[in-house]
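Student: What follows is a structure written as structure tokens; I'll ask about it next.
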Amino acid sequence: MVGVVMFAIIIFIAVFGRLLWPVDPLRVDILGSLLPPSLEHPMGTDDVGRDVFARFIQGAQVSIGVAIGVTIAGTLIGGTLGLLAGLVGGWFDTIVSRTMDAILAFPPLILAMAVAIGLGPGIVSAALGVILAAIPWYFRLLRSEVLRLRTLMYVESAQALGASSFRLIRLHILPQTTSTIFIQASSVFSFSILTLAALGFVGLGIQPPTPEWGTMITEGLAYALTGQWWLGFFPGLGIFMLAVSANLIADRLRDIYDPKSGARLSL
Amino acid sequence: MINFLLARIGSAIITIFGASILAFVILRAVPTNPARLIAGPFANDEVIAQVTSQLGLDKPLFVQYFDYIVSFFAGDWGFSYSAGQPVLSQIVQRLPASAELALYAFLFAFIGAVFVTVLVSFLASKWLDRLLRLLSFISVGVPPFWLALLFLMVFFEQLGWFPGPVGRGPAPGSVHTGLFTIDYLIAGNFSGFATALHHLALPALALALGPFGYLVRLLRANLLDIVNEPFVTVLHAKGVAPVSTHFQHILPNAFLPTLTAGGLILAQLLGGSVLVERIFVWPGIGTLVIDGILRQDYAVVQAFIMLSAIIYIGVNLLVDILYGYVDPRVRRS
Amino acid sequence: MSAPIPLLDVRGLTKRFPVKAKPFSRQKKFVHAVEDVSFSVGRGEVVGLVGESGSGKTTIGRTIMRLTDPTAGQIVYDGTDIAHLPRRQMMAFRRKIQMVFQDPFASLNPRSKVGELIAEGMEIHGIGTPAERRAEVSRLLGLVGLSAEAAQRFPHEFSGGQRQRIGIARALAVSPGFIVADEPVSALDVSVQAQVLNLLQDLKEQLGLTILFIAHDLSVVEHFCDRVIVMYLGRIMEIAPRERLYAAPKHPYTEALLSAAPVPDPDREGKRIVLEGDIPSPINPPSGCVLRTRCRYALPECAQIVPPLREIAPGHLKACIRDDIL
Amino acid sequence: MRIRNTYRLPFAAALLSSLVAFAGPAFAQDSDLIVNSAVAPSTLDPAWACGLQEISFIQNFYVRLVQYGTAEGPDGTRVVDFATTEPYLAESWDISDDGLVYTFHLKDGYTFASGNPVDAEAVRYSFQRVLDMAGCGRFFLTDGHIDPVIIEAIEVIDPLTVAITLNKPNGNMLGDLATHAASIVDPSVVEANGGVVAGQPNEFMAANVTESGPFLLESYTANQSARMVANPEFAGDAPASEAINVNWITAAPTLLLQARTGQADITFGLAKQAVTTLADNSGTRAIAYTNPFVQQMMLPNTKAPWDNPVFREAVAHAVPYEDIVERVAYGYGTLYYGPIPPSLPGFNAELSQPIPFDLDRARELIAESGVATPVDVEVMIQEGDATQQQLATILQSTWADLGINLNIRVAPAAEFQDLSQSHAVQSLMRLDGPGVFEVGYYWGYDVICDNSNNLTEYCNPEVDELVDQLRASSDEAERQGIMDQVTEIWRAEYPKILFFEDQPVVVLSDAVTEFTFSPLPDYRYWAK
Amino acid sequence: MTTTSATPLLEVEGLKTSFKTSRGIVKSVDDVSFVIPAGTTLGVVGESGSGKSVTSLSIMRLVARGGGSIDDGVIRLNKPGQPAIDIRNLDEKSMRRVRGNDIAMIFQEPMTSLDPVWSIGDQIIEAVRLHQKVSRAEAREKAIEMLRLVGIPAPESRVDDFPHQLSGGMRQRVMIAIALSCRPALLIADEPTTALDVTIQAQILNLIRRLQKEIGMSVLFITHNLGVVAEIADRVAVMYAGQVVEEGPVRAIFSAPRHPYTVGLLKSIPTPGSSSNPMASRKLDTIGGAPPDPVALPHGCRFAPRCPLAIDECQKAPPPLFPVGENHGARCIRWPEVSK
């Protein structure tokens, strides 16, 4: 419940923030730089006098947008591979499973970093890095789900009626996995938010001046000890709220659908 | 057991090779020519071409890969242009700092998580359980680098309880392990030990919180599963006191899966915490890698990626073996 | 007693499951689930297949359904060997052979409505228009003693016995001639078990079904089946018409099984023959006669040869080398 | 067997060197002078070093033929005076009348750490090495005359006499010989560790020094720290401190923190905003100096729209210079506009008045220029450079009103270097200044035609001719005349945007008793 | 065989146990009374949900873990020569001394009833040492002895085995060894053979019978299998919807049941030997309908909605347990009309 409310607040800020706070996040006011939070600037201003709240709003859009994209892409690619591997088996399964093992050999953040470096810094390569890191988790999940569900009696009973593999997947396997996928997706969403921020933090994220929370924290780092805490604090708070609420939602879903399994993916 | 070991080692080796190909391919996609970086700004094309062939960058990719792997396992991990040093010696230099930080972070996370979770589950208080759950979510959701920043702002800047971002503090006089706390203890210098610990505390805590939350969630879920197992009812029916039931039976059962997760976490931490090290100016591998990334010193980055994968797989392997040793179901089958 | 023309003729059926091989070990290990099993089921006959866990009875049912492929042997249904039939050709037989599953909770997809579940077979085989199927679903629901509006509800809204009725209706939807009933009542409470058994009996009589009835409960089999096949550790021990089997078992295993079964009669006296020891692992079954390790009549020879299943009286076969017992 | 041995070697070496490195900081003592700076050297090889951080570190370990003098500085400190050249290893020197042959007479008694004498042969070897390796050092040593290389021959006359022959006269030759590139390295050690391979860096020399100068490098952890101690065998003036600890700290907060708490005696490279927070800090003083490094935006004059001089003039008027000095440089910047930075000898303030910030004028000029708006331009800045990012952001916002859409491309250091060297970007920002503090050297790459290091691609044959005259001349009055002339020509063409000349700020703890500032810090004169 | 002592070993009177669920309060056990004389076996039969397992857990006071509570009733344990123990009012520590020592319990699932990471020997040793002051070595000897007693071959070597190395039947033997290690006065066996194969079931039933004689304990044997009850029990309690509907000597229950539910139950199981009777119908007698919803129990007789003999009066008030014979009671107002 708390999760949903927190999530709703952030989404609301991302979607309607610009309407309620129509300040240009790129507008520079040099002499008004580094102002502390006030009514005029609820989250203060940054080193060139941009309104941090306006940047926070746009950062929310960027973070959420990219995280959603990453989550969907990861689900589709990893899920499809997992379904196929579980169903087809044989050499296909062996090759894909081995590849996934190799990907899993990297700590997720390191993998995402490697990809972002390889493709050159930018939001697209950062997103691709996170997708690649997320794929094996979906793959494993779906593959084991398929293997598990295939032996379920009602799947067998449909098989006994003569149902084709495609029909089995479409009607009897895939619908059963939606809750698992959804739980996984909210974990991955939270993971993407954190990882994208981390990539931004090490300079592999989105290119300025587009505000991205992780990059904002890095830029704020230099001011943390000179008293201008608001530069890094608020974007961090945004990441925190989004990641925590996505996790809370995932956990709630897990309680509802799958009370036995534990956490799956962490930074 | 021997078969089990051989099989695990075999598959670990295959995975490492797979991972090395992946790492190699990814990093060779980089558009910039490292030769230009090494040659410097006033170099002409001739010099750049010389350096390129010196690095073997003009060879086909698979030859480069082969060369890299051969020299990697021979101990030549490349040359860092940004430090003017072989990568291996840089990593060896910085490994103890990262290892010490990782070790303490892991201990904080693991011991903390096990202690708190088991206590809360034993007390069976709904209220405490909710609190713990909330705490675990908060800790999993906090970006570690932001947390590090908050720690500094609160515990250093405001309260002055801990040292600021100044790295590991003074080094001990004699070096045995490279882990300051241990070295101080060996030297019998307890105030030095305290200082080293003082410096370790904030970064280790910042690093520990995420894994702590993760372990709490995992252990809590496992404990809940085990508590509902029939054998627990049997134990009660035997007249076993709740304390022994909880700590001698439920905990060992729930602990085993946590061990695996703990291994993964330790492996990730050992690979250097890229994020927290940077903020606390910890002279570890994480800092090295960030510098490597920013300066596009890819010999460093590539060696680090390989190293992370190897540590990750190696620790996993160790945990599997340990698991096999601890869990009778795996041991004897 | 002359056996009717068999509708199903199983010959030399063998099924081995590879055990996940240990790396670097030379020999592959198998679970010997079913070893060289032959029997037949006549048209309109109800044949019981009894045995304890690991006897292979369920594997036989699943193999006939082609839910798993046999390692060797033939399964001749109505003149066609379906044991190795390709998918496409097998489709025709899927209509003719249907299965009722043990667990009425697990064998129905919880997310599908009962109507959809029953109609699924018809849909797969392209039987009728949607409207016709709906009508057929109502008819089938009536047939198994449920009201027509049950079609609109989900499986979890029904009790165990009702779900098993739904499972039966689902199997009947494609008008099969042959039903493999895999422990259809063992998960049910006694009173419900009786209801379902009665239903199966009615349906059998009305529709002229042929049934292979897999069970571990000897009294249910005695009540319901015409002929009984007794299995142990993947092999057939004895086949006999029920009257003969229950009155005068000829195989030591059958004898022990019947003796071990508890009877709801406190006054029953008589010595109980208890088989000592555990059922051996199907990965390493004993050589020769698989029962010999637990058999009180075992001779040294029993370890030497696998006793063939031989006819000792019309329609009565046993796999035991000793004729001097029982 | 052989293969194995060679494989084992790097491992052992790495382990050993790491142990040495652990042991390194262990010997740090309270009496050590602590020097913190933000950027670490990437190589210790004088032949290969390019940047300030390498130069300033390396030069402490090597003796050179000549050195710069010093002069009075602010706040009781001193500054290095690049206008004067004093003897160092060379006792005296003769310059032939045509200005082509320099003959140096060396002092006796100087030795390397290995015990070998620092003699004429070592000088010849060191210079020849720099020329052959063709790294950055060659550029410094030849005053930028590399095509053809201005040094025609280096001859050993006798063990204490060496002669250098040029193929054309050069007014700044002595200044060049005072740079790090002219460091005298130990030929025996170099030969034992890979020798000289034309066109290739030497891995040993990148991580080691062969000391001939006032300091010995006691321990060195790349990118992290080093400890240097006074060289007891050094025949020249002993350095002011016995031992110096150098830390390279990339994290801005740490650098600030250590300066603030007095953990560091001397701190370089603090952000200007951070320096302002130290104003009331007790125990430290922040002293601003000058050096000829300028925050600038290169407008490659051959690329549209910068090929339009009126458009360049327009954008030069569209920069809020004063606000930038106030809030980006926090007052530590000098405004001017001209080809000579204010702190380089020869600067004429009269002729180099700053350009006023005048958006209306800029608008008029754009209209006049004929460049159709809106126009998209891209500026490349370097990853992690906060100042450049602030400047780019400010321009982006300011220029948006003029119809100029400024796209910011953040490039990591390597890509930045790659793209700027290959002239592949539309424009870029840079903090740039000469490595040799003389106008001729600076203009030798910054304003003359067809020079790959001339990032503005400014080209004016008339200026080129004047620069040639300047570089050959040693006459002060003549030089000033030429410089003023070029300034006037250059200014009218607005080749680039000059935000401000950067004033370096050094934070000294109160314990520091002697300090001499140089843009290329020379540790010899520091003490506490 | 049965010695009717003055005070039975276990007396249960008016036991009421309920569970809070999301759908409402479930009265799993509602006014259940029975006695178990020393050395005898009471068989409790009933279908799933009838409350038989909750009854046994209530006696062990283990319902709280599942969210249940004992609301009313008396559970009294009378060990010969000792003061009676009022189980409901015992403090938790004393209760623990009763569990495993005076009353032991074995369960349905032998595969999951043992701690998988403890060796079976240690699990027996734990039980022994909890209730007896013996050294570890002595306890180990005792464990081996117990394993031998329950018929585990080579107990000296198997004592260090882990549960996963044993078959289901062997595990159930280990469970019995643990339960009997302290020679309890009462053994509660909750469906101990349901998960086992029929030949193994016979072994375990024989074992329990043998040990009961040797130790002289009483047994509360819970099962849904009427055949098993007929074989093992001296007295039988038939449960339906949380109540004992009939209780009596085993012969009386099987030969002359006085409750319609008992009758229905007996009739609905296929009669062994039916094959030799050519006249036997292929149809079984059944009880119509289904057991009531546990959160919405009928006000009167709980079996009335399914009862062929039900009359209007049956709906009005819950019937008491009528004495219908010697030590034989039935909860039916029309009991005189009931016959098999």
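To be explicit about the labels: the chains of the structure tokens are called A, B, and onward in the order shown, and within each one the residues are counted from 1, while ligands get numbers from 1 in the order they are shown.
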Distance limit 9 Å, atoms considered: only C-alpha atoms. Which chain E residues sit that close to chain C? Return them as a PyMOL selection string.
Tutor: chain E and resi 47-48+167+169-170+196-203+206+224-233+250-251+254-255+264-277+281-290
Student: Restricting it to C-alpha atoms, dump the selection as a tab-separated table (two decimals), in the first residue's frame.
Tutor:
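The resulting file, selection27.tsv, is reproduced below:
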```tsv
chain	number	residue	atom	x	y	z
E	47	GLU	CA	-13.03	-37.58	6.35
E	48	SER	CA	-10.79	-34.63	5.66
E	167	SER	CA	12.99	-44.69	2.42
E	169	GLY	CA	8.94	-46.62	5.59
E	170	MET	CA	12.30	-46.35	7.29
E	196	LEU	CA	2.98	-45.45	2.72
E	197	ASP	CA	2.52	-48.34	0.37
E	198	VAL	CA	0.25	-51.10	1.48
E	199	THR	CA	2.98	-53.65	2.23
E	200	ILE	CA	4.93	-51.04	4.19
E	201	GLN	CA	1.74	-49.96	5.94
E	202	ALA	CA	1.29	-53.50	7.15
E	203	GLN	CA	4.84	-53.47	8.53
E	206	ASN	CA	2.49	-54.52	13.08
E	224	HIS	CA	-9.45	-42.07	7.42
E	225	ASN	CA	-9.04	-45.72	6.51
E	226	LEU	CA	-11.75	-47.85	8.08
E	227	GLY	CA	-9.76	-51.00	7.36
E	228	VAL	CA	-6.83	-49.73	9.39
E	229	VAL	CA	-9.11	-48.77	12.26
E	230	ALA	CA	-10.71	-52.19	12.26
E	231	GLU	CA	-7.30	-53.74	12.60
E	232	ILE	CA	-5.71	-51.59	15.23
E	233	ALA	CA	-8.32	-50.00	17.44
E	250	VAL	CA	-14.62	-51.38	17.57
E	251	ARG	CA	-16.86	-54.40	17.08
E	254	PHE	CA	-18.49	-52.05	12.65
E	255	SER	CA	-21.25	-54.51	13.35
E	264	GLY	CA	-23.00	-44.45	5.23
E	265	LEU	CA	-19.26	-44.52	5.60
E	266	LEU	CA	-19.17	-48.27	6.05
E	267	LYS	CA	-21.42	-48.82	3.09
E	268	SER	CA	-19.58	-46.58	0.72
E	269	ILE	CA	-16.36	-48.58	0.83
E	270	PRO	CA	-16.12	-51.47	-1.58
E	271	THR	CA	-16.45	-54.72	0.30
E	272	PRO	CA	-13.46	-57.01	-0.05
E	273	GLY	CA	-14.47	-60.33	-1.43
E	274	SER	CA	-17.26	-58.81	-3.46
E	275	SER	CA	-15.80	-60.49	-6.50
E	276	SER	CA	-16.59	-63.88	-5.14
E	277	ASN	CA	-20.19	-62.88	-4.70
E	281	SER	CA	-23.94	-54.94	-7.13
E	282	ARG	CA	-21.40	-53.02	-9.08
E	283	LYS	CA	-22.85	-49.90	-7.54
E	284	LEU	CA	-21.82	-48.68	-4.13
E	285	ASP	CA	-24.06	-47.08	-1.59
E	286	THR	CA	-23.19	-43.43	-1.22
E	287	ILE	CA	-23.81	-40.56	1.11
E	288	GLY	CA	-25.39	-37.80	-0.92
E	289	GLY	CA	-24.18	-34.22	-0.83
E	290	ALA	CA	-21.02	-32.88	0.71
```
Student: Using only C-alpha atoms, which protein or nucleic acid residues come within 12 Å of Phe303 (chain E)? Drop anything in the same chain fewer than 3 positions from it, and give the result as number ranges by chain.
Tutor: E: 50, 239-245, 259-262, 264, 287-293, 297-300, 306-311, 314-315, 318-319, 331-333
Student: Contacts from chain E to chain B, 9 Å maximum, only C-alpha atoms: show me the residue list as number ranges by chain.
Tutor: E: 57, 60-62, 65-66, 93, 95-101, 103-107, 109, 112-119, 126-127, 130-131, 162-165, 175, 178-179
Student: Can you write just those residues out, N, CA and C atoms, as a compact mmCIF listing (two decimals), in the first residue's frame?
Tutor:
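Saved file part37.txt follows:
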```txt
# COMPACT_ATOMS: atom_id res chain seq x y z
N LEU E 57 -3.80 -32.39 17.89
CA LEU E 57 -2.92 -31.24 18.15
C LEU E 57 -3.38 -30.49 19.40
N MET E 60 -1.94 -32.10 22.33
CA MET E 60 -0.52 -31.74 22.46
C MET E 60 -0.35 -30.24 22.71
N ARG E 61 -1.45 -29.51 22.68
CA ARG E 61 -1.44 -28.04 22.78
C ARG E 61 -0.53 -27.42 21.72
N LEU E 62 -0.68 -27.87 20.51
CA LEU E 62 0.14 -27.33 19.42
C LEU E 62 -0.69 -26.56 18.40
N ARG E 65 0.27 -22.52 17.05
CA ARG E 65 1.17 -22.24 15.94
C ARG E 65 0.44 -22.06 14.63
N GLY E 66 -0.65 -22.77 14.49
CA GLY E 66 -1.43 -22.64 13.26
C GLY E 66 -2.49 -21.58 13.37
N LYS E 93 6.28 -24.48 30.09
CA LYS E 93 7.47 -25.27 30.38
C LYS E 93 7.10 -26.68 30.80
N MET E 95 4.40 -28.12 30.05
CA MET E 95 3.80 -28.76 28.89
C MET E 95 4.87 -29.40 28.02
N ARG E 96 6.01 -28.69 27.92
CA ARG E 96 7.09 -29.25 27.11
C ARG E 96 7.60 -30.55 27.70
N ARG E 97 7.51 -30.63 29.04
CA ARG E 97 7.94 -31.87 29.67
C ARG E 97 6.97 -32.99 29.37
N VAL E 98 5.72 -32.63 29.20
CA VAL E 98 4.71 -33.65 28.85
C VAL E 98 4.92 -34.14 27.42
N ARG E 99 5.15 -33.18 26.53
CA ARG E 99 5.32 -33.53 25.13
C ARG E 99 6.57 -34.38 24.94
N GLY E 100 6.44 -35.41 24.21
CA GLY E 100 7.60 -36.25 23.93
C GLY E 100 7.91 -37.20 25.05
N ASN E 101 7.51 -36.83 26.27
CA ASN E 101 7.82 -37.68 27.41
C ASN E 101 6.60 -38.51 27.82
N ILE E 103 3.35 -37.83 26.41
CA ILE E 103 2.58 -38.01 25.18
C ILE E 103 3.52 -37.80 24.00
N ALA E 104 3.62 -38.77 23.13
CA ALA E 104 4.45 -38.60 21.94
C ALA E 104 3.54 -38.66 20.72
N MET E 105 4.07 -38.15 19.62
CA MET E 105 3.21 -38.05 18.45
C MET E 105 3.98 -38.43 17.20
N ILE E 106 3.35 -39.13 16.31
CA ILE E 106 3.92 -39.36 14.98
C ILE E 106 2.94 -38.86 13.93
N PHE E 107 3.52 -38.50 12.79
CA PHE E 107 2.72 -37.77 11.82
C PHE E 107 2.59 -38.49 10.49
N GLU E 109 3.43 -37.39 7.38
CA GLU E 109 4.41 -37.25 6.32
C GLU E 109 5.80 -37.67 6.78
N THR E 112 8.83 -35.45 5.43
CA THR E 112 9.13 -34.08 5.84
C THR E 112 9.06 -33.90 7.35
N SER E 113 8.92 -35.00 8.08
CA SER E 113 8.77 -34.86 9.53
C SER E 113 10.10 -34.90 10.28
N LEU E 114 11.16 -35.13 9.55
CA LEU E 114 12.47 -35.14 10.20
C LEU E 114 13.28 -33.94 9.73
N ASP E 115 14.08 -33.40 10.64
CA ASP E 115 14.93 -32.28 10.26
C ASP E 115 15.98 -32.77 9.27
N PRO E 116 15.97 -32.23 8.05
CA PRO E 116 16.85 -32.77 7.02
C PRO E 116 18.34 -32.58 7.29
N VAL E 117 18.72 -31.64 8.14
CA VAL E 117 20.16 -31.42 8.32
C VAL E 117 20.70 -32.08 9.59
N TRP E 118 19.88 -32.78 10.31
CA TRP E 118 20.34 -33.53 11.48
C TRP E 118 20.35 -35.01 11.14
N SER E 119 21.35 -35.72 11.65
CA SER E 119 21.34 -37.16 11.44
C SER E 119 20.21 -37.75 12.28
N GLU E 126 18.44 -36.19 20.77
CA GLU E 126 17.85 -34.95 21.27
C GLU E 126 16.62 -35.26 22.12
N ALA E 127 15.76 -36.15 21.59
CA ALA E 127 14.53 -36.48 22.31
C ALA E 127 14.86 -37.14 23.64
N LEU E 130 16.33 -34.67 26.17
CA LEU E 130 15.42 -33.64 26.62
C LEU E 130 14.72 -34.07 27.91
N HIS E 131 14.43 -35.38 27.99
CA HIS E 131 13.57 -35.83 29.08
C HIS E 131 14.27 -36.74 30.07
N PHE E 162 21.43 -39.58 7.36
CA PHE E 162 20.54 -38.44 7.34
C PHE E 162 19.20 -38.86 6.74
N PRO E 163 18.15 -38.15 7.07
CA PRO E 163 16.82 -38.59 6.64
C PRO E 163 16.71 -38.89 5.15
N HIS E 164 17.40 -38.06 4.31
CA HIS E 164 17.19 -38.26 2.88
C HIS E 164 17.76 -39.58 2.40
N GLN E 165 18.55 -40.25 3.25
CA GLN E 165 19.13 -41.52 2.82
C GLN E 165 18.19 -42.69 3.11
N MET E 175 10.71 -42.09 13.03
CA MET E 175 9.76 -41.24 13.75
C MET E 175 9.22 -41.97 14.97
N ILE E 178 11.79 -42.13 17.65
CA ILE E 178 11.88 -40.88 18.39
C ILE E 178 10.72 -40.77 19.37
N ALA E 179 9.52 -41.09 18.88
CA ALA E 179 8.33 -40.94 19.71
C ALA E 179 8.39 -41.86 20.93
```
Student: Check every residue of chain D for an atom within 7 Å of chain A, counting only C-alpha atoms, and provide those that qualify as an NGL selection string.
Tutor: :D and (252-253 or 274 or 277 or 323 or 327 or 390 or 393-394 or 397 or 408 or 410)
Student: Write out as number ranges by chain each polymer residue whose atoms come within 10 Å of Met91 (chain C), counting only C-alpha atoms; drop sequence neighbours fewer than 4 positions from it.
Tutor: A: 160-164; C: 85-87, 95-96, 124-125
Student: Let me see the file: selected residues, N, CA, C and O atoms, as a compact mmCIF listing (two decimals), in the first residue's frame.
Tutor:
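File written: selection29.txt
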```txt
# COMPACT_ATOMS: atom_id res chain seq x y z
N ALA A 160 -2.74 -34.43 -23.21
CA ALA A 160 -3.43 -35.69 -23.49
C ALA A 160 -4.59 -35.48 -24.45
O ALA A 160 -4.97 -36.37 -25.20
N LEU A 161 -5.15 -34.27 -24.43
CA LEU A 161 -6.24 -33.97 -25.36
C LEU A 161 -5.69 -33.72 -26.76
O LEU A 161 -6.46 -33.59 -27.70
N GLY A 162 -4.39 -33.59 -26.88
CA GLY A 162 -3.79 -33.37 -28.19
C GLY A 162 -3.38 -31.94 -28.44
O GLY A 162 -3.10 -31.56 -29.57
N ALA A 163 -3.30 -31.12 -27.38
CA ALA A 163 -2.95 -29.71 -27.58
C ALA A 163 -1.52 -29.59 -28.10
O ALA A 163 -0.62 -30.30 -27.66
N SER A 164 -1.30 -28.67 -29.04
CA SER A 164 0.04 -28.45 -29.58
C SER A 164 0.88 -27.67 -28.59
O SER A 164 0.36 -27.06 -27.66
N LEU C 85 4.19 -43.51 -33.24
CA LEU C 85 3.49 -42.75 -34.27
C LEU C 85 3.91 -41.27 -34.22
O LEU C 85 4.01 -40.69 -33.15
N PRO C 86 4.19 -40.67 -35.40
CA PRO C 86 4.52 -39.25 -35.39
C PRO C 86 3.32 -38.41 -34.89
O PRO C 86 2.17 -38.84 -35.01
N ARG C 87 3.67 -37.26 -34.37
CA ARG C 87 2.69 -36.32 -33.81
C ARG C 87 1.39 -36.22 -34.57
O ARG C 87 0.31 -36.36 -34.02
N ARG C 95 -8.03 -38.56 -29.84
CA ARG C 95 -9.46 -38.50 -29.66
C ARG C 95 -9.97 -39.80 -29.07
O ARG C 95 -10.97 -39.83 -28.37
N LYS C 96 -9.32 -40.89 -29.46
CA LYS C 96 -9.87 -42.20 -29.11
C LYS C 96 -9.44 -42.65 -27.72
O LYS C 96 -10.11 -43.46 -27.10
N ILE C 124 -9.63 -28.48 -29.96
CA ILE C 124 -8.37 -28.94 -30.53
C ILE C 124 -8.62 -29.84 -31.74
O ILE C 124 -7.93 -29.74 -32.76
N HIS C 125 -9.62 -30.67 -31.63
CA HIS C 125 -9.85 -31.61 -32.72
C HIS C 125 -10.87 -31.09 -33.72
O HIS C 125 -11.31 -31.83 -34.61
```
Student: For the contact check between chain A and chain C, emit one row per residue of chain A within 9 Å, containing the shortest atom pair and the distance in Å rounded to one decimal, counting only C-alpha atoms, chain then rising number order, as a Markdown table.
Tutor:
```
| residue | atom | partner | partner_atom | distance |
| --- | --- | --- | --- | --- |
| A:Leu152 | CA | C:Ala106 | CA | 7.1 |
| A:Met153 | CA | C:Ser107 | CA | 4.5 |
| A:Tyr154 | CA | C:Ser107 | CA | 3.8 |
| A:Val155 | CA | C:Ser107 | CA | 7.4 |
| A:Glu156 | CA | C:Leu67 | CA | 7.1 |
| A:Ser157 | CA | C:Ser107 | CA | 6.3 |
| A:Ala158 | CA | C:Gly121 | CA | 7.8 |
| A:Gln159 | CA | C:Leu67 | CA | 7.2 |
| A:Ala160 | CA | C:Met65 | CA | 6.4 |
| A:Leu161 | CA | C:Gly121 | CA | 5.3 |
| A:Gly162 | CA | C:Arg94 | CA | 5.7 |
| A:Ala163 | CA | C:Ile124 | CA | 6.2 |
| A:Ser164 | CA | C:Ile124 | CA | 8.5 |
| A:Leu171 | CA | C:Ser112 | CA | 8.8 |
| A:His172 | CA | C:Asn109 | CA | 6.9 |
| A:Pro175 | CA | C:Arg111 | CA | 8.0 |
| A:Gln176 | CA | C:Arg111 | CA | 8.1 |
```
Student: With C-alpha atoms retained, could you export that selection as a JSON list (two decimals), in the first residue's frame?
Tutor:
```json
[["chain", "number", "residue", "atom", "x", "y", "z"],
["A", 152, "LEU", "CA", 1.88, -30.01, -14.07],
["A", 153, "MET", "CA", -1.04, -32.29, -14.40],
["A", 154, "TYR", "CA", -3.32, -29.82, -16.07],
["A", 155, "VAL", "CA", -0.75, -29.11, -18.72],
["A", 156, "GLU", "CA", -0.40, -32.83, -19.24],
["A", 157, "SER", "CA", -4.12, -33.20, -19.34],
["A", 158, "ALA", "CA", -4.27, -30.65, -22.13],
["A", 159, "GLN", "CA", -1.44, -32.51, -23.82],
["A", 160, "ALA", "CA", -3.43, -35.69, -23.49],
["A", 161, "LEU", "CA", -6.24, -33.97, -25.36],
["A", 162, "GLY", "CA", -3.79, -33.37, -28.19],
["A", 163, "ALA", "CA", -2.95, -29.71, -27.58],
["A", 164, "SER", "CA", 0.04, -28.45, -29.58],
["A", 171, "LEU", "CA", -3.24, -21.13, -22.93],
["A", 172, "HIS", "CA", -1.74, -23.13, -20.15],
["A", 175, "PRO", "CA", -0.95, -17.23, -18.36],
["A", 176, "GLN", "CA", 0.39, -19.01, -15.29]]
```
Student: Enter the distance from CA of Glu457 (chain D) to CA of Phe499 (chain D), in Å, rounded to one decimal.
Tutor: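 Separation of CA of Glu457 (chain D) and CA of Phe499 (chain D): 18.8 Å.
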Student: Near Pro356 (chain D), counting only C-alpha atoms, which residues have an atom at most 9 Å away, once you skip same-chain residues fewer than 6 positions from it, shown as a list in words?
Tutor: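 My list of contacting residues is Ala316, His317, Ala318, Val319, Pro320, Tyr321 and Glu322 of chain D.
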